[in-house]
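Encoded as structure tokens, the structure appears first; notes follow it.
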Amino acid sequence: MGKYCILMLAFMMMLVSPSCVKDTKLGCKDTLALNYDEAADDKCVGCCKYPPKGTVLFFTKDASMINYCGVITITLSNGMVSNITNSYSSIPTNCDNAYGGTFSLDKGNYTYTVAFSNGSCIGKGGSITVGENSCNMIMIQ
């Protein structure tokens, strides 16, 4: 190859090279995140930001209810389900869960239903408003 061909080849490689390299955009690819980025190509690690959550604790102080009615099943309007398997001896002082019936939820309004495993008891449902970083407690009686 002559000098001219080598220079031409080097020039053509410079023109082609940049078009072969694809710039990638790093971003949050989780559609549930507040900062979801549809245009992102690559998933970031730890950069997604989520709405603040509140906690709801359903509980009972009635041990005979568990013994007679069975496990208490709480179903929320968003489809989440949790079972209460035991009773507290007094009203809990925080939302730390000992016996089931706890949910971590985005702030908002929810309805719930209460059912029992042996079918001999009828549960009442209701509604709850969850605030961010809140602890909400509902006693099942």
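Residue numbering restarts at 1 for every chain of the structure tokens, chains are lettered A, B, ... in their displayed order, and ligands are numbered from 1 as they appear.
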Enumerate as a PyMOL selection string all residues of chain A assigned to strand (DSSP E) by DSSP on the backbone, naming them with the chain letters and numbers the document uses. chain A and resi 26-27+42-43+53-59+72-76+81-84+102-106+108-116+126-130+135-139
Could you name the residues that touch Ile91 of chain A at 12 Å or less, counting only C-alpha atoms, but leaving out those on the same chain fewer than 2 positions away, as a PyMOL selection string? chain A and resi 57-62+87-89+93-96+137-140
Residues within 9 Å of Val114 of chain A, only C-alpha atoms, excluding chain neighbours under 4 positions, as a list in words: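 In the requested form, the answer reads Ile72, Thr73, Ile74, Thr75, Ile122, Gly123, Lys124, Gly125, Gly126 and Ile140 of chain A.
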Expected file contents, prior selection, N, CA, C and O atoms, as an mmCIF file, in the first residue's frame:
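Writing done, so here's result_15.cif:
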data_model
loop_
_atom_site.group_PDB
_atom_site.id
_atom_site.type_symbol
_atom_site.label_atom_id
_atom_site.label_comp_id
_atom_site.auth_asym_id
_atom_site.auth_seq_id
_atom_site.Cartn_x
_atom_site.Cartn_y
_atom_site.Cartn_z
ATOM 1 N N ILE A 72 -56.617 -14.681 61.433
ATOM 2 C CA ILE A 72 -57.317 -13.526 60.873
ATOM 3 C C ILE A 72 -56.570 -13.090 59.608
ATOM 4 O O ILE A 72 -55.363 -12.850 59.651
ATOM 5 N N THR A 73 -57.298 -12.996 58.502
ATOM 6 C CA THR A 73 -56.687 -12.570 57.237
ATOM 7 C C THR A 73 -57.173 -11.163 56.887
ATOM 8 O O THR A 73 -58.375 -10.922 56.815
ATOM 9 N N ILE A 74 -56.224 -10.280 56.697
ATOM 10 C CA ILE A 74 -56.512 -8.900 56.295
ATOM 11 C C ILE A 74 -56.159 -8.773 54.815
ATOM 12 O O ILE A 74 -55.049 -9.101 54.408
ATOM 13 N N THR A 75 -57.117 -8.299 54.023
ATOM 14 C CA THR A 75 -56.879 -8.080 52.594
ATOM 15 C C THR A 75 -57.131 -6.606 52.283
ATOM 16 O O THR A 75 -58.191 -6.076 52.606
ATOM 17 N N ILE A 122 -67.466 -13.632 61.597
ATOM 18 C CA ILE A 122 -67.617 -12.667 60.510
ATOM 19 C C ILE A 122 -66.785 -11.441 60.842
ATOM 20 O O ILE A 122 -66.913 -10.868 61.931
ATOM 21 N N GLY A 123 -65.946 -11.053 59.904
ATOM 22 C CA GLY A 123 -65.093 -9.889 60.120
ATOM 23 C C GLY A 123 -65.683 -8.642 59.513
ATOM 24 O O GLY A 123 -66.466 -8.698 58.574
ATOM 25 N N LYS A 124 -65.343 -7.514 60.095
ATOM 26 C CA LYS A 124 -65.761 -6.219 59.566
ATOM 27 C C LYS A 124 -64.585 -5.606 58.825
ATOM 28 O O LYS A 124 -63.455 -5.710 59.264
ATOM 29 N N GLY A 125 -64.875 -4.946 57.743
ATOM 30 C CA GLY A 125 -63.855 -4.224 56.993
ATOM 31 C C GLY A 125 -63.886 -2.756 57.345
ATOM 32 O O GLY A 125 -64.585 -2.338 58.266
ATOM 33 N N GLY A 126 -63.170 -1.988 56.598
ATOM 34 C CA GLY A 126 -63.146 -0.551 56.839
ATOM 35 C C GLY A 126 -62.200 0.137 55.887
ATOM 36 O O GLY A 126 -61.837 -0.403 54.843
ATOM 37 N N ILE A 140 -58.521 -5.277 65.673
ATOM 38 C CA ILE A 140 -59.601 -6.158 65.242
ATOM 39 C C ILE A 140 -60.248 -6.702 66.487
ATOM 40 O O ILE A 140 -59.594 -7.281 67.342
#
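Between atom CA of Cys135 of chain A and atom CA of Thr55 of chain A the interatomic distance comes to 4.9 Å.
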Just the number, please: distance in Å from atom CA of Gly131 of chain A to atom CA of Ser104 of chain A, one decimal.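 Pair atom CA of Gly131 of chain A / atom CA of Ser104 of chain A returns 10.9 Å.
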Extract, using only C-alpha atoms, all DNA, RNA and protein residues at most 8 Å from Asn118 of chain A, discarding same-chain residues fewer than 4 positions from it, and format them as a PDB file with all heavy atoms, in the first residue's frame.
ATOM      1  N   CYS A  69     -61.965 -18.328  66.290  1.00  0.00           N
ATOM      2  CA  CYS A  69     -62.178 -17.973  64.880  1.00  0.00           C
ATOM      3  C   CYS A  69     -61.038 -18.414  63.959  1.00  0.00           C
ATOM      4  O   CYS A  69     -61.207 -18.509  62.756  1.00  0.00           O
ATOM      5  CB  CYS A  69     -62.352 -16.468  64.738  1.00  0.00           C
ATOM      6  SG  CYS A  69     -63.763 -15.812  65.655  1.00  0.00           S
ATOM      7  N   GLY A  70     -59.874 -18.621  64.517  1.00  0.00           N
ATOM      8  CA  GLY A  70     -58.718 -19.017  63.709  1.00  0.00           C
ATOM      9  C   GLY A  70     -57.896 -17.823  63.270  1.00  0.00           C
ATOM     10  O   GLY A  70     -58.064 -16.710  63.766  1.00  0.00           O
ATOM     11  N   VAL A  71     -57.021 -18.070  62.322  1.00  0.00           N
ATOM     12  CA  VAL A  71     -56.139 -17.025  61.800  1.00  0.00           C
ATOM     13  C   VAL A  71     -56.988 -15.924  61.159  1.00  0.00           C
ATOM     14  O   VAL A  71     -57.954 -16.198  60.451  1.00  0.00           O
ATOM     15  CB  VAL A  71     -55.150 -17.623  60.768  1.00  0.00           C
ATOM     16  CG1 VAL A  71     -54.353 -16.540  60.071  1.00  0.00           C
ATOM     17  CG2 VAL A  71     -54.221 -18.616  61.448  1.00  0.00           C
TER      18      VAL A  71
END
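Once Gly46 of chain A and its same-chain neighbours fewer than 2 positions away are set aside, A:Leu26, A:Gly27, A:Cys28, A:Lys29, A:Asp30, A:Ala33, A:Asn35, A:Lys43, A:Cys44, A:Cys48, A:Lys49, A:Tyr50 remain within 12 Å of it when counting only C-alpha atoms.
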How many Å separate atom CA of Gly54 of chain A from atom CA of Asn97 of chain A?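 Atom CA of Gly54 of chain A sits 13.7 Å away from atom CA of Asn97 of chain A.
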Between A:Val130, A:Ala40, A:Ala63, A:Leu76, single out the one closest to Lys107 of chain A, counting only C-alpha atoms.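 For Lys107 of chain A, the nearest of the given residues is A:Val130.
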Using the chain letters and numbers from this document, which residues of chain A does DSSP assign to alpha helix (DSSP H), as an MDAnalysis selection string? chainID A and resid 3:20 63:69
Store the residues picked out above, limited to N, CA, C and O atoms, as a compact mmCIF listing (two decimals), in the first residue's frame.
# COMPACT_ATOMS: atom_id res chain seq x y z
N LYS A 3 1.60 5.38 0.54
CA LYS A 3 1.39 6.35 1.60
C LYS A 3 -0.02 6.94 1.54
O LYS A 3 -0.68 7.12 2.54
N TYR A 4 -0.49 7.21 0.34
CA TYR A 4 -1.80 7.80 0.14
C TYR A 4 -2.91 6.87 0.65
O TYR A 4 -3.85 7.30 1.30
N CYS A 5 -2.78 5.58 0.37
CA CYS A 5 -3.79 4.59 0.80
C CYS A 5 -3.82 4.47 2.32
O CYS A 5 -4.90 4.34 2.91
N ILE A 6 -2.69 4.50 2.96
CA ILE A 6 -2.62 4.39 4.41
C ILE A 6 -3.28 5.62 5.05
O ILE A 6 -4.05 5.50 6.00
N LEU A 7 -3.01 6.80 4.53
CA LEU A 7 -3.63 8.01 5.06
C LEU A 7 -5.14 7.99 4.85
O LEU A 7 -5.91 8.38 5.72
N MET A 8 -5.56 7.53 3.69
CA MET A 8 -7.00 7.45 3.40
C MET A 8 -7.67 6.45 4.35
O MET A 8 -8.77 6.70 4.85
N LEU A 9 -7.04 5.32 4.56
CA LEU A 9 -7.58 4.30 5.47
C LEU A 9 -7.68 4.85 6.89
O LEU A 9 -8.69 4.66 7.58
N ALA A 10 -6.67 5.54 7.36
CA ALA A 10 -6.68 6.12 8.71
C ALA A 10 -7.79 7.16 8.83
O ALA A 10 -8.51 7.21 9.83
N PHE A 11 -7.98 7.99 7.80
CA PHE A 11 -9.02 9.00 7.81
C PHE A 11 -10.41 8.35 7.85
O PHE A 11 -11.29 8.76 8.60
N MET A 12 -10.61 7.31 7.08
CA MET A 12 -11.90 6.62 7.05
C MET A 12 -12.19 5.95 8.39
O MET A 12 -13.33 5.92 8.85
N MET A 13 -11.18 5.41 9.03
CA MET A 13 -11.37 4.79 10.34
C MET A 13 -11.79 5.84 11.37
O MET A 13 -12.61 5.57 12.23
N MET A 14 -11.26 7.04 11.27
CA MET A 14 -11.64 8.09 12.19
C MET A 14 -13.09 8.50 11.97
O MET A 14 -13.82 8.81 12.91
N LEU A 15 -13.55 8.48 10.74
CA LEU A 15 -14.94 8.83 10.46
C LEU A 15 -15.91 7.76 10.94
O LEU A 15 -16.99 8.06 11.41
N VAL A 16 -15.51 6.50 10.81
CA VAL A 16 -16.39 5.39 11.16
C VAL A 16 -16.40 5.13 12.66
O VAL A 16 -17.43 4.82 13.24
N SER A 17 -15.31 5.29 13.33
CA SER A 17 -15.19 4.96 14.74
C SER A 17 -16.23 5.61 15.64
O SER A 17 -16.91 4.93 16.39
N PRO A 18 -16.39 6.91 15.58
CA PRO A 18 -17.36 7.53 16.50
C PRO A 18 -18.78 7.01 16.29
O PRO A 18 -19.55 6.92 17.23
N SER A 19 -19.16 6.68 15.09
CA SER A 19 -20.52 6.21 14.86
C SER A 19 -20.73 4.79 15.38
O SER A 19 -21.86 4.37 15.55
N CYS A 20 -19.68 4.06 15.63
CA CYS A 20 -19.81 2.70 16.16
C CYS A 20 -19.97 2.69 17.67
O CYS A 20 -20.44 1.73 18.23
N ALA A 63 -57.30 -13.01 72.65
CA ALA A 63 -56.74 -14.35 72.40
C ALA A 63 -57.84 -15.35 72.09
O ALA A 63 -57.63 -16.27 71.29
N SER A 64 -59.02 -15.20 72.69
CA SER A 64 -60.10 -16.14 72.43
C SER A 64 -60.59 -16.03 70.98
O SER A 64 -61.07 -17.01 70.40
N MET A 65 -60.46 -14.85 70.38
CA MET A 65 -60.85 -14.69 68.97
C MET A 65 -59.97 -15.57 68.09
O MET A 65 -60.46 -16.27 67.20
N ILE A 66 -58.67 -15.56 68.33
CA ILE A 66 -57.75 -16.40 67.56
C ILE A 66 -58.08 -17.87 67.82
O ILE A 66 -58.14 -18.68 66.88
N ASN A 67 -58.32 -18.23 69.07
CA ASN A 67 -58.61 -19.63 69.40
C ASN A 67 -59.92 -20.11 68.78
O ASN A 67 -60.01 -21.22 68.28
N TYR A 68 -60.95 -19.27 68.79
CA TYR A 68 -62.26 -19.67 68.31
C TYR A 68 -62.42 -19.46 66.79
O TYR A 68 -62.96 -20.32 66.10
N CYS A 69 -61.97 -18.33 66.29
CA CYS A 69 -62.18 -17.97 64.88
C CYS A 69 -61.04 -18.41 63.96
O CYS A 69 -61.21 -18.51 62.76
